[in-house]
Amino acid sequence: MAFSDLLEQVGSTGRFQVLHVTLLSMPILMMASHNLLQNFVAAVPPHHCQPHANLSMSSTDAVDVLRATVPLGLNGKLERCKRYATPQWQILSLNTSESLWDESMTETETQSCEDGWFYNMTEMSSTIITEWDLVCDYRALKQMSQTTYMGGVLVGAIVFGGLSDRFGRRVLLLISNLMMAIGGTCVAFSTSFTMFCIFRVCCGMALSGLVLNSFSLIVEWIPTRVRTVVGTGTGYCYTTGQLILAAVAYCIRDWRWLTLAVSLPFYISFLYSWWFLESARWLVLTKKPEQAVKNLKTVARINGRHAEADKIDLEMLQESMKKEMACSKGSYSALDLMRTSTMRTITICLSAVWFSTSFAYYGLSMDLQKFGVSIYLIQIIFGAVDIPAKIIVTICMSMLGRRPSQCGALVLAGIMILINLLVPYDLQMLRTSLAVIGKGCLAASFNCCYLYSGELYPTVIRQSGMGWVSMMARFGAMVAPMVLLLGDDYPWIPGFIYGGAPIVSGIFAFFLPETLSQPLPDTIQDIDERGLARTNSKRSPEKIDLAMKDPSCVLLKESV
């Protein structure tokens with residue numbers, strides 16, 4: 001009997017699994033709110049320089065003062081970042097805006113906004129942009145705030161990935177929920193931009209812990225046959241979260257209250273997370289079989305299988321995972337991600353897939369104002385497109401396999417983004433449609449790579465592997481906002497980079513092994529048995545290396 005058979009015995013799709021997956025999926029609804037919160041709390045309202053402070057507004061109409069102090073740009077709109085050094089009252093005698101562009105006016109001395117800015121707050125009541133004047137010379141700080149958040153997600157992937165393999169999924173999930181709740185609350189009450197960024201980093205770290213440990217606890221308690229459906233279902237929670245964010249942001253226009261609203265639910269998640277059971281697979285592989293037996297008995301009773309619960313004992317569990325326990329006698333670390341040729345191939349290819357998916361995804365999703373329509377509407381459209389995209393990729397993963405689905409989603413996304421570069425700016429509807437299709441493909445790619453990566457990495461280093469690829473994804477998300485700054489001088493460069501990266505990574509995905517209908521691997525030995533072009537009779541250097549680390553594992557494998 002293998003562990004999968006033991007899981008079937010206690011009820012692999014019973015009440016416990018339904019409740020377990022549902023409760024683990026609830027925080028995922030709010031993850032999108034923190035990932036995409038920047039679109040609303042850092043929205044840039046229309047703005048221009050304040051008129052000179054020494055002007056008497058009572059004696060002159062405010063509109064006339066504005067005309068005399070703030071010049072017009074080439075687009076006929078008020079300049080955002082400069083004003084006349086001295087008021088140009090003669091402008092008031094001119095009849096048309098075109099007459100302003102004579103030689104004398106273009107040579108008029110201007111200066112920066114010495115007295116601050118005026119913001120048109122018809123869309124928002126406040127944002128971090130208006131709070132700390134992150135415009136003009138400080139406009140790069142807006143992108144920096146998102147980069148620092150993604151930096152926190154990257155650090156969290158490194159820290160929580162390794163710690164959860166050592167200390168367990170459940171305890172790290174508890175810490176992550178509490179950290180997200182407290183960090184988000186502190187962000188809402190930040191008194192400076194530096195403080196805002198520091199606590200956003202904490203939120204980013206917590207998000208990594210939530211994603212990694214929720215996913216592992218879900219995957220390790222469900223059977224192979226429903227893994228695709230469950231994985232897609234949790235992906236839809238993130239999709240729903242994007243729609244929830246648009247609705248909450250529409251109702252709450254103040255950035256502090258909005259941040260608080262999307263952070264408070266994590267206090268509730270922290271409270272009920274104490275109910276979760278630690279992964280029995282992890283407990284066995286970390287020499288805690290007694291607790292694993294206890295958890296399996298609890299699952300059997302919740303699923304109404306009391307007779308089977310009484311049959312489970314330590315001897316049955318050890319027999320079910322005899323091979324896995326033998327292979328787990330050595331200590332494992334992140335270095336094992338590159339130890340054998342198969343693991344190296346998997347890690348390198350998945351790194352490229354995760355980096356480019358996240359890079360292009362956040363490149364499209366984090367600058368909604370460029371589409372020229374309501375950011376609330378475009379957020380709903382971007383969220384809604386995930387629904388058909390994930391249905392299609394789920395069908396493809398179940399029928400065609402994980403590898404072709406991953407390759408196809410990435411390449412198609414890149415093609416849509418690159419085509420968008422050739423569409424004239426005045427065809428805004430077509431440009432937005434192509435961007436929406438591209439974003440849907442990237443969402444499908446994310447949905448696929450979460451499940452695919454969990455199936456490729458073995459239990460003994462699954463969290464380390466997921467932590468590594470998640471780190472690569474966050475590195476891509478960190479770089480994405482910075483690429484947008486290149487568009488100030490060359491508008492086509494960001495789109496070219498965002499489109500080229502997914503196509504290149506789609507080629508990398510072609511070299512990954514297929515996992516459709518394969519059992520979940522528990523050890524590196526399981527991965528090598530599925531490896532690339534190995535003979536069973538001849539031991540490769542990788543096997544020798546593995547044997548030196550844990551000889552009992554190889555001897556057991558050869559005797560079976």
# chains A, B, ... in the order shown; residues from 1 in each chain; ligands from 1
call {"tool": "closest_atom_pairs", "arguments": {"of": "range 137-210 of chain A", "to": "range 467-479 of chain A", "cutoff": "7 Å", "atoms": "only C-alpha atoms", "output": "tab-separated table"}}
result
residue	atom	partner	partner_atom	distance
A:Thr147	CA	A:Met478	CA	4.6
A:Met150	CA	A:Met478	CA	5.2
A:Gly151	CA	A:Met478	CA	6.2
A:Val153	CA	A:Arg474	CA	6.1
A:Leu154	CA	A:Met471	CA	4.6
A:Ala157	CA	A:Gly467	CA	4.6
A:Ile158	CA	A:Gly467	CA	5.6
A:Gly161	CA	A:Gly467	CA	4.3
call {"tool": "closest_residue", "arguments": {"among": "A:Thr13, A:Ser374, A:Gln111, A:Asn177", "to": "Pro45 in chain A", "atoms": "only C-alpha atoms"}}
result
A:Ser374
call {"tool": "residues_around", "arguments": {"residues": "Leu296 in chain A", "least_positions_apart": "5", "cutoff": "12 Å", "atoms": "only C-alpha atoms", "output": "number ranges by chain"}}
result
A: 3, 6-12, 16, 221, 277-281, 283-284, 289-291, 301-303, 305-306, 308-314, 316-317
call {"tool": "closest_residue", "arguments": {"among": "A:Arg139, A:Arg227, A:Arg169, A:Arg256", "to": "Asn213 in chain A", "atoms": "only C-alpha atoms"}}
result
A:Arg169
call {"tool": "closest_residue", "arguments": {"among": "A:Gly465, A:Met416, A:Phe276, A:Ala480", "to": "Phe355 in chain A", "atoms": "only C-alpha atoms"}}
result
A:Ala480
call {"tool": "closest_residue", "arguments": {"among": "A:Tyr238, A:Phe446, A:Phe215, A:Tyr498", "to": "Leu364 in chain A", "atoms": "only C-alpha atoms"}}
result
A:Tyr498
call {"tool": "closest_residue", "arguments": {"among": "A:Leu430, A:Cys448, A:Ser365, A:Val411", "to": "Thr394 in chain A", "atoms": "only C-alpha atoms"}}
result
A:Cys448
call {"tool": "residues_around", "arguments": {"residues": "Leu410 in chain A", "least_positions_apart": "5", "cutoff": "7 Å", "atoms": "only C-alpha atoms", "output": "list in words"}}
result
Cys441, Leu442, Ser445, Pro502, Ile503 and Gly506 of chain A
call {"tool": "write_last_selection", "arguments": {"atoms": "C-alpha atoms", "output": "PDB file, in the first residue's frame"}}
result
ATOM      1  CA  CYS A 441      -2.988  33.963 -21.140  1.00  0.00           C
ATOM      2  CA  LEU A 442      -0.585  34.997 -18.401  1.00  0.00           C
ATOM      3  CA  SER A 445       0.153  30.364 -17.256  1.00  0.00           C
ATOM      4  CA  PRO A 502       7.080  34.926 -22.243  1.00  0.00           C
ATOM      5  CA  ILE A 503       7.989  33.605 -25.702  1.00  0.00           C
ATOM      6  CA  GLY A 506       7.742  29.100 -23.431  1.00  0.00           C
TER       7      GLY A 506
END
call {"tool": "atom_distance", "arguments": {"atom1": "CA of Lys439 in chain A", "atom2": "CA of Ala501 in chain A"}}
result
13.8 Å
call {"tool": "closest_residue", "arguments": {"among": "A:Ile346, A:Ala292, A:Leu484, A:Leu377", "to": "Glu514 in chain A", "atoms": "only C-alpha atoms"}}
result
A:Ile346
call {"tool": "select_by_dssp", "arguments": {"residues": "range 77-166 of chain A", "states": "helix (DSSP H, G or I)", "output": "NGL selection string"}}
result
:A and (89-93 or 97-101 or 103-106 or 128-132 or 136-138 or 140-166)
call {"tool": "write_last_selection", "arguments": {"atoms": "C-alpha atoms", "output": "compact mmCIF listing (two decimals), in the first residue's frame"}}
result
# COMPACT_ATOMS: atom_id res chain seq x y z
CA TRP A 89 -0.97 88.42 -16.99
CA GLN A 90 -0.75 89.36 -20.68
CA ILE A 91 -1.99 85.86 -21.52
CA LEU A 92 -5.46 86.84 -20.31
CA SER A 93 -5.84 89.18 -23.27
CA SER A 97 -4.86 78.64 -26.68
CA GLU A 98 -3.07 78.35 -30.04
CA SER A 99 -1.86 81.95 -29.73
CA LEU A 100 0.14 80.95 -26.70
CA TRP A 101 2.64 79.12 -28.87
CA GLU A 103 8.17 82.52 -29.81
CA SER A 104 7.91 84.90 -26.89
CA MET A 105 5.81 82.53 -24.80
CA THR A 106 7.90 79.42 -25.43
CA ILE A 128 -0.11 57.98 -1.40
CA ILE A 129 0.68 60.20 -4.39
CA THR A 130 -1.24 63.14 -2.94
CA GLU A 131 -0.20 62.27 0.61
CA TRP A 132 3.53 62.59 -0.05
CA CYS A 136 7.38 65.04 -11.15
CA ASP A 137 10.93 64.60 -9.80
CA TYR A 138 9.63 62.04 -7.30
CA ALA A 140 9.85 57.09 -9.68
CA LEU A 141 9.00 56.54 -6.00
CA LYS A 142 5.59 55.25 -7.06
CA GLN A 143 7.25 52.38 -8.92
CA MET A 144 9.70 51.97 -6.05
CA SER A 145 6.86 51.37 -3.60
CA GLN A 146 5.64 48.42 -5.68
CA THR A 147 9.19 47.17 -6.21
CA THR A 148 9.85 47.15 -2.47
CA TYR A 149 6.61 45.21 -1.90
CA MET A 150 7.65 42.62 -4.46
CA GLY A 151 11.07 42.58 -2.84
CA GLY A 152 9.33 41.53 0.36
CA VAL A 153 7.52 38.78 -1.53
CA LEU A 154 10.88 37.62 -2.88
CA VAL A 155 12.47 37.56 0.59
CA GLY A 156 9.43 35.76 1.94
CA ALA A 157 9.74 33.09 -0.73
CA ILE A 158 13.33 32.44 0.34
CA VAL A 159 12.64 32.51 4.08
CA PHE A 160 9.29 30.74 4.27
CA GLY A 161 10.17 28.15 1.63
CA GLY A 162 13.06 26.75 3.65
CA LEU A 163 11.47 27.20 7.08
CA SER A 164 8.26 25.38 6.20
CA ASP A 165 10.20 22.33 4.99
CA ARG A 166 11.95 22.33 8.37
call {"tool": "atom_distance", "arguments": {"atom1": "CA of Met466 in chain A", "atom2": "CA of Phe270 in chain A"}}
result
22.4 Å
